[in-house]
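Comments concern the structure below.
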Amino acid sequence: MKHRWSTRELGELIRQLKELRRELIAEEERYARRIGAVHVTQRASARNLVHYLALRRHDMRSLQERLAALGLSSLGRMEGHVLSSLDAVLAVLHAMSGTAVPSAQPQRSLDFTAGAALLEARTEALLGPAPAQRDVRIMVTMPAEAAEDGGLVRELLALGMNCMRINCAHDDEVAWRRMLQHLRKARLQLRRPCRVLMDLGGPKLRTGALAGDAVRLRVAPEKDSEGLLAKPARLWLTRLESPEPGPPEASAVLLVPSRWLAHLHTGEPLSLIEARGKKRQLRCGPELGLSRWLELDKGAEFALDRPIELVRLAPRGGKKRTEARVAAAPASDVFLPLRPGDRLLLCRPEALPRFGHNGTHEAPAGFPRVACAQPEVVSALRRGQHVFFDDGRLMGIVRTPSFDAPEIEIMRAREKGDRLRGGRGINMPDTELQVPALSDKDLVDLDFVAHHADLVGLSFVNRPADVRALHGELSKRTKRPPGIVLKIETKGGFERLGSLLFAALESAPFGVMIARGDLAVELGYERMAEVQEEILWLCEAAHAPVIWATQVLESLAKTGFPSRAEITDAAMGERAECVMLNKGPHVREAVTVLDDILRRMEAHQHKKRAMLRRLHLRPLETE
């Protein structure tokens, strides 16, 4: 039986919506000073953002269901024009109930078309004109080879790149300048616009040096595409008493007593037992001064703090043994194997040698130590807080806080173990870190970025003061500063997004990047689906363009083969104003596929609104 709405029920809906409206106006008056501080061209957006934040303090679901049952707007697509949406629904409810519509309110809000027009204009100001046949732009991260290969840049532009991204955490000014020169040439040749985003590295927390009995070095020979030996691993064998530095190509430097070294012969076989208990054979190379090369055909692991027993056959039979110590090794080959239940000390770099054996720390001797490249954050850790390493592959909990070296228990890792290396990311989502968003390196890089980029990416932004600091630094360097992009990649940045948007509205143009890699680690992968939606909604309320970033078509760009899940993810990016691709050997194919996906999805979806394009299906069969 069809429900007939009574005058009382309609009156209750009107009452609720009026109360909501009064609350939004009161909130606007409360923040009048903040709104007045916003750039004059963006005050309407600031008011709308205040309205949206006030509205979303309520659970609207019951109200939405009742409005939808009447065939009215359920306010599910009101982000760009909050007050106008409320007023439109109220007007219809008054007409249905036969009650008088209140006298016209002062015009405070954007109408339905003005909000969309504002977002479109700001997107064009930030990211340039929309390409033909699609509105969503494509941003591509430049690999190092783009500095030398102008053809790659030209090809990416021809395939559909609309914005070049240069990551200032990699390469240097010489390489960046060459990339920009290649882009200028390609733009002239193809007569296509293309903006440039330069991402500041920011205060990325990373692991530093590793120490302790458990730390290992992995040495491995090179193999060809069929898995056959192409080049043996080479170890530099030198005197313990006065070692000679190893050449750059050395996989490791081994120190042995000079008397033992003096009796070696070219081609003589040697053997050792590596850290996993496996026996390995080596060949002795020719003398190079007072040192020699050793060649190894199989992979081996060495515990850095433990001596290795090196064995050679004596000329008349028998064996001659000695202890060899690993003195140096490439940092990329040094790792700490970790399993659930293992413990480590996260140290200030200067405290790394002091802890783990006979140091002042009360933890059992032998704990491995991992330096934090940003020492000031170590003392901020508190008992029970989470610490993530290497993009979330490893998760630990602080068991014993310490100014110099808190003790962390690994809670999540693969049962067979994961390898933690130096230079890997650290995330501390539970810890309130007082770290400025602009590092010393960022300030140096800004001297170049301010004059060459159209957009500058503010990494690991957490507070409105970070946004204002970037505005201030840019204004010192140029009278026409580039637009800014707030990279939301921390728990603090997400939770303060409303305040960050307000700070960004003080100057134009600006946009927001959903940096989903670090953000997923900080907030938990299970929350990413809802979090990226909330960022999209909040940015639409502020009429701020959004860049959908991190791991878009990642498998395709790296291997040439996409997964079904990442194709769907790329399609979801259509709701943003720009989609970013990371570098990879197959990035050309990724640009082509993304261009096709965005063109197709544009006919089906715009923001939260489904577009009812004609479906190309066969008609129903008659039987």
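Residue numbering restarts at 1 for every chain of the structure tokens, chains are lettered A, B, ... in their displayed order, and ligands are numbered from 1 as they appear.
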
Close residues, Pro375 (chain A) itself excluded, 7 Å, only C-alpha atoms, min 3 positions apart in chain, as an MDAnalysis selection string
chainID A and resid 348:349 372 378

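Using only C-alpha atoms for every distance, the candidate list A:Thr490, A:Gln16, A:Thr41, A:Ser74 yields A:Thr490 as the residue closest to Gly524 (chain A).
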
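Taking CA of Met528 (chain A) as the reference point, CA of Ile410 (chain A) is found at 23.3 Å.
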
Cut-off 10 Å: closest region 107-221 of chain A/region 383-403 of chain A atom pairs per residue, using only C-alpha atoms, as a tab-separated table:
```
residue	atom	partner	partner_atom	distance
A:Leu205	CA	A:Phe389	CA	9.6
A:Arg206	CA	A:Phe389	CA	8.4
A:Thr207	CA	A:Phe389	CA	8.2
```

Find the residues around Ala91 (chain A) up to 10 Å (only C-alpha atoms counted), leave out those fewer than 3 positions away in its own chain, and share them as a PyMOL selection string.
chain A and resi 14+86-88+94-96+99-102

Could you give me the residues within region 361-563 of chain A that DSSP places in strand (DSSP E or B), as a PDB file with C-alpha atoms, in the first residue's frame?
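Saved as out.pdb:
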```
ATOM      1  CA  ARG A 369      69.725  -1.250  16.112  1.00  0.00           C
ATOM      2  CA  VAL A 370      68.182   0.845  13.395  1.00  0.00           C
ATOM      3  CA  ALA A 371      69.007   4.536  13.105  1.00  0.00           C
ATOM      4  CA  CYS A 372      66.283   7.052  12.283  1.00  0.00           C
ATOM      5  CA  HIS A 386      52.557   1.941  16.363  1.00  0.00           C
ATOM      6  CA  VAL A 387      55.589   2.258  14.100  1.00  0.00           C
ATOM      7  CA  PHE A 388      55.468   1.105  10.468  1.00  0.00           C
ATOM      8  CA  PHE A 389      58.513   0.406   8.316  1.00  0.00           C
ATOM      9  CA  LEU A 394      56.533  -4.279   8.875  1.00  0.00           C
ATOM     10  CA  MET A 395      54.561  -3.043  11.873  1.00  0.00           C
ATOM     11  CA  GLY A 396      55.844  -2.715  15.422  1.00  0.00           C
ATOM     12  CA  ILE A 397      54.679  -1.417  18.788  1.00  0.00           C
ATOM     13  CA  VAL A 398      56.782   0.636  21.191  1.00  0.00           C
ATOM     14  CA  ARG A 399      57.435  -1.465  24.295  1.00  0.00           C
ATOM     15  CA  THR A 400      60.014   0.671  26.116  1.00  0.00           C
ATOM     16  CA  GLU A 407      62.534  -0.611  22.054  1.00  0.00           C
ATOM     17  CA  ILE A 408      60.062  -1.828  19.408  1.00  0.00           C
ATOM     18  CA  GLU A 409      58.495  -5.266  19.101  1.00  0.00           C
ATOM     19  CA  ILE A 410      57.651  -6.408  15.562  1.00  0.00           C
ATOM     20  CA  MET A 411      54.008  -7.457  15.456  1.00  0.00           C
ATOM     21  CA  ARG A 412      53.416  -7.821  11.727  1.00  0.00           C
ATOM     22  CA  ASP A 418      60.958  -9.624   5.978  1.00  0.00           C
ATOM     23  CA  ARG A 419      64.106  -7.645   5.260  1.00  0.00           C
ATOM     24  CA  LEU A 420      64.435  -4.109   6.584  1.00  0.00           C
ATOM     25  CA  ARG A 421      67.088  -1.972   4.865  1.00  0.00           C
ATOM     26  CA  GLY A 425      60.146   4.820   5.059  1.00  0.00           C
ATOM     27  CA  ILE A 426      58.980   5.061   8.666  1.00  0.00           C
ATOM     28  CA  ASN A 427      55.408   5.981   9.621  1.00  0.00           C
ATOM     29  CA  LEU A 455      52.801  23.807  -9.320  1.00  0.00           C
ATOM     30  CA  VAL A 456      54.741  22.905  -6.196  1.00  0.00           C
ATOM     31  CA  GLY A 457      53.796  19.842  -4.159  1.00  0.00           C
ATOM     32  CA  LEU A 458      53.901  20.230  -0.356  1.00  0.00           C
ATOM     33  CA  GLY A 483      50.167  27.098  -7.470  1.00  0.00           C
ATOM     34  CA  ILE A 484      50.467  24.716  -4.562  1.00  0.00           C
ATOM     35  CA  VAL A 485      49.322  21.125  -4.148  1.00  0.00           C
ATOM     36  CA  LEU A 486      48.661  19.829  -0.642  1.00  0.00           C
ATOM     37  CA  LYS A 487      49.770  16.204  -0.510  1.00  0.00           C
ATOM     38  CA  ILE A 488      47.564  14.427   2.023  1.00  0.00           C
ATOM     39  CA  PHE A 510      45.751  25.359  -5.148  1.00  0.00           C
ATOM     40  CA  GLY A 511      44.762  21.718  -5.269  1.00  0.00           C
ATOM     41  CA  VAL A 512      44.965  18.535  -3.215  1.00  0.00           C
ATOM     42  CA  MET A 513      46.751  15.266  -3.959  1.00  0.00           C
ATOM     43  CA  ILE A 514      45.456  12.065  -2.374  1.00  0.00           C
ATOM     44  CA  ALA A 515      48.847  10.422  -1.810  1.00  0.00           C
ATOM     45  CA  VAL A 546      41.996  16.832  -6.695  1.00  0.00           C
ATOM     46  CA  ILE A 547      44.857  14.676  -7.985  1.00  0.00           C
ATOM     47  CA  TRP A 548      44.245  10.910  -7.602  1.00  0.00           C
ATOM     48  CA  ALA A 549      47.716   9.502  -6.965  1.00  0.00           C
TER      49      ALA A 549
END
```

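We find CA of Leu180 (chain A) and CA of Ala147 (chain A) to be spaced 8.3 Å apart.
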
Those of region 121-266 of chain A in DSSP alpha helix (DSSP H), formatted as a VMD selection string
chain A and resid 121 to 127 150 to 159 173 to 190 258 to 262

Would you put the residues from that selection into a file with C-alpha atoms, as a PDB file, in the first residue's frame?
```
ATOM      1  CA  ALA A 121      37.768  27.452 -13.492  1.00  0.00           C
ATOM      2  CA  ARG A 122      40.139  26.615 -10.644  1.00  0.00           C
ATOM      3  CA  THR A 123      41.092  23.320 -12.228  1.00  0.00           C
ATOM      4  CA  GLU A 124      42.009  25.129 -15.436  1.00  0.00           C
ATOM      5  CA  ALA A 125      43.975  27.759 -13.498  1.00  0.00           C
ATOM      6  CA  LEU A 126      45.954  25.061 -11.691  1.00  0.00           C
ATOM      7  CA  LEU A 127      46.271  22.255 -14.235  1.00  0.00           C
ATOM      8  CA  GLY A 150      63.866  13.901 -25.051  1.00  0.00           C
ATOM      9  CA  GLY A 151      62.022  11.405 -27.234  1.00  0.00           C
ATOM     10  CA  LEU A 152      60.431   9.826 -24.161  1.00  0.00           C
ATOM     11  CA  VAL A 153      59.064  13.176 -22.998  1.00  0.00           C
ATOM     12  CA  ARG A 154      57.743  13.966 -26.477  1.00  0.00           C
ATOM     13  CA  GLU A 155      56.079  10.554 -26.754  1.00  0.00           C
ATOM     14  CA  LEU A 156      54.389  10.855 -23.352  1.00  0.00           C
ATOM     15  CA  LEU A 157      53.035  14.269 -24.329  1.00  0.00           C
ATOM     16  CA  ALA A 158      51.739  12.897 -27.626  1.00  0.00           C
ATOM     17  CA  LEU A 159      50.043   9.970 -25.872  1.00  0.00           C
ATOM     18  CA  GLU A 173      68.853  20.546 -10.703  1.00  0.00           C
ATOM     19  CA  VAL A 174      70.913  19.589 -13.750  1.00  0.00           C
ATOM     20  CA  ALA A 175      68.570  16.678 -14.521  1.00  0.00           C
ATOM     21  CA  TRP A 176      65.439  18.713 -13.749  1.00  0.00           C
ATOM     22  CA  ARG A 177      66.555  21.479 -16.098  1.00  0.00           C
ATOM     23  CA  ARG A 178      67.098  18.974 -18.924  1.00  0.00           C
ATOM     24  CA  MET A 179      63.660  17.439 -18.369  1.00  0.00           C
ATOM     25  CA  LEU A 180      62.087  20.898 -18.607  1.00  0.00           C
ATOM     26  CA  GLN A 181      64.063  21.694 -21.759  1.00  0.00           C
ATOM     27  CA  HIS A 182      62.795  18.481 -23.372  1.00  0.00           C
ATOM     28  CA  LEU A 183      59.228  19.386 -22.381  1.00  0.00           C
ATOM     29  CA  ARG A 184      59.478  22.916 -23.815  1.00  0.00           C
ATOM     30  CA  LYS A 185      60.728  21.501 -27.094  1.00  0.00           C
ATOM     31  CA  ALA A 186      57.980  18.866 -27.189  1.00  0.00           C
ATOM     32  CA  ARG A 187      55.272  21.441 -26.446  1.00  0.00           C
ATOM     33  CA  LEU A 188      56.432  23.571 -29.357  1.00  0.00           C
ATOM     34  CA  GLN A 189      56.604  20.615 -31.729  1.00  0.00           C
ATOM     35  CA  LEU A 190      53.216  19.145 -30.799  1.00  0.00           C
ATOM     36  CA  SER A 258      98.406  -9.753   6.130  1.00  0.00           C
ATOM     37  CA  ARG A 259     100.510 -12.885   6.754  1.00  0.00           C
ATOM     38  CA  TRP A 260      97.618 -15.129   5.691  1.00  0.00           C
ATOM     39  CA  LEU A 261      96.874 -12.943   2.679  1.00  0.00           C
ATOM     40  CA  ALA A 262     100.536 -13.064   1.532  1.00  0.00           C
TER      41      ALA A 262
END
```

So that I can check the surroundings of region 220-237 of chain A, please list as a PDB file with N, CA and C atoms, in the first residue's frame every protein, DNA and RNA residue that reaches within 6 Å of it, counting only C-alpha atoms and ignoring chain neighbours fewer than 5 positions away.
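Result saved to result.pdb:
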```pdb
ATOM      1  N   GLY A 246      88.097  -0.588  -0.907  1.00  0.00           N
ATOM      2  CA  GLY A 246      87.602  -1.420  -1.993  1.00  0.00           C
ATOM      3  C   GLY A 246      87.111  -0.594  -3.163  1.00  0.00           C
ATOM      4  N   ALA A 250      82.970  -3.460  -5.748  1.00  0.00           N
ATOM      5  CA  ALA A 250      83.091  -4.538  -4.767  1.00  0.00           C
ATOM      6  C   ALA A 250      81.775  -4.757  -4.048  1.00  0.00           C
ATOM      7  N   SER A 251      81.327  -6.024  -3.974  1.00  0.00           N
ATOM      8  CA  SER A 251      80.118  -6.352  -3.224  1.00  0.00           C
ATOM      9  C   SER A 251      80.343  -6.240  -1.733  1.00  0.00           C
ATOM     10  N   ALA A 252      81.565  -6.406  -1.276  1.00  0.00           N
ATOM     11  CA  ALA A 252      81.926  -6.270   0.130  1.00  0.00           C
ATOM     12  C   ALA A 252      83.440  -6.209   0.241  1.00  0.00           C
ATOM     13  N   VAL A 253      83.917  -5.701   1.387  1.00  0.00           N
ATOM     14  CA  VAL A 253      85.347  -5.680   1.683  1.00  0.00           C
ATOM     15  C   VAL A 253      85.581  -6.618   2.860  1.00  0.00           C
ATOM     16  N   LEU A 254      86.499  -7.600   2.689  1.00  0.00           N
ATOM     17  CA  LEU A 254      86.851  -8.540   3.753  1.00  0.00           C
ATOM     18  C   LEU A 254      88.266  -8.242   4.244  1.00  0.00           C
ATOM     19  N   SER A 291      96.242  -6.355  -2.124  1.00  0.00           N
ATOM     20  CA  SER A 291      94.885  -6.888  -1.993  1.00  0.00           C
ATOM     21  C   SER A 291      94.579  -7.811  -3.155  1.00  0.00           C
ATOM     22  N   ARG A 292      93.440  -8.500  -3.080  1.00  0.00           N
ATOM     23  CA  ARG A 292      93.013  -9.421  -4.146  1.00  0.00           C
ATOM     24  C   ARG A 292      91.490  -9.382  -4.282  1.00  0.00           C
ATOM     25  N   TRP A 293      91.059  -9.839  -5.457  1.00  0.00           N
ATOM     26  CA  TRP A 293      89.628 -10.082  -5.662  1.00  0.00           C
ATOM     27  C   TRP A 293      89.320 -11.534  -5.298  1.00  0.00           C
ATOM     28  N   LEU A 294      88.128 -11.751  -4.726  1.00  0.00           N
ATOM     29  CA  LEU A 294      87.564 -13.089  -4.586  1.00  0.00           C
ATOM     30  C   LEU A 294      86.282 -13.129  -5.401  1.00  0.00           C
ATOM     31  N   GLU A 295      86.084 -14.237  -6.157  1.00  0.00           N
ATOM     32  CA  GLU A 295      84.889 -14.357  -6.991  1.00  0.00           C
ATOM     33  C   GLU A 295      83.985 -15.461  -6.436  1.00  0.00           C
ATOM     34  N   LEU A 296      82.678 -15.176  -6.434  1.00  0.00           N
ATOM     35  CA  LEU A 296      81.687 -16.067  -5.835  1.00  0.00           C
ATOM     36  C   LEU A 296      80.567 -16.299  -6.852  1.00  0.00           C
ATOM     37  N   ASP A 297      80.263 -17.551  -7.163  1.00  0.00           N
ATOM     38  CA  ASP A 297      79.264 -17.881  -8.187  1.00  0.00           C
ATOM     39  C   ASP A 297      77.854 -18.064  -7.620  1.00  0.00           C
ATOM     40  N   GLY A 299      74.916 -17.001  -4.331  1.00  0.00           N
ATOM     41  CA  GLY A 299      74.577 -16.000  -3.341  1.00  0.00           C
ATOM     42  C   GLY A 299      74.995 -16.423  -1.946  1.00  0.00           C
TER      43      GLY A 299
END
```

Using only C-alpha atoms, which of A:Asp305, A:Glu473, A:Asp445, A:Glu23 sits nearest Arg56 (chain A)?
A:Glu23

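The list of residues with at least one atom within 6 Å of region 581-583 of chain A, based on only C-alpha atoms and without residues fewer than 2 positions apart in the same chain, reads Val140, Thr141, Pro143 and Val552 of chain A.
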
Written selection (C-alpha atoms) as a short mmCIF file (atom, residue, chain, number, x, y, z; two decimals), in the first residue's frame:
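Result saved to result02.cif:
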```cif
data_model
loop_
_atom_site.label_atom_id
_atom_site.label_comp_id
_atom_site.auth_asym_id
_atom_site.auth_seq_id
_atom_site.Cartn_x
_atom_site.Cartn_y
_atom_site.Cartn_z
CA VAL A 140 53.15 11.44 -15.31
CA THR A 141 56.14 11.13 -12.97
CA PRO A 143 62.05 8.77 -14.57
CA VAL A 552 47.50 3.92 -10.38
#
```

Coordinates-based distance that separates CA of Ser439 (chain A) from CA of Gly202 (chain A) (Å, one decimal)
5.7 Å

Give me the residues within 6 Å of region 78-85 of chain A as a ChimeraX atom specification, counting only C-alpha atoms and dropping any in the same chain fewer than 3 places off.
/A:75,88,109-112,115,540-541

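Closest approach to Ile308 (chain A) among A:Pro245, A:Gly201, A:Pro286, A:Gly277 is made by A:Gly277 (distances from only C-alpha atoms).
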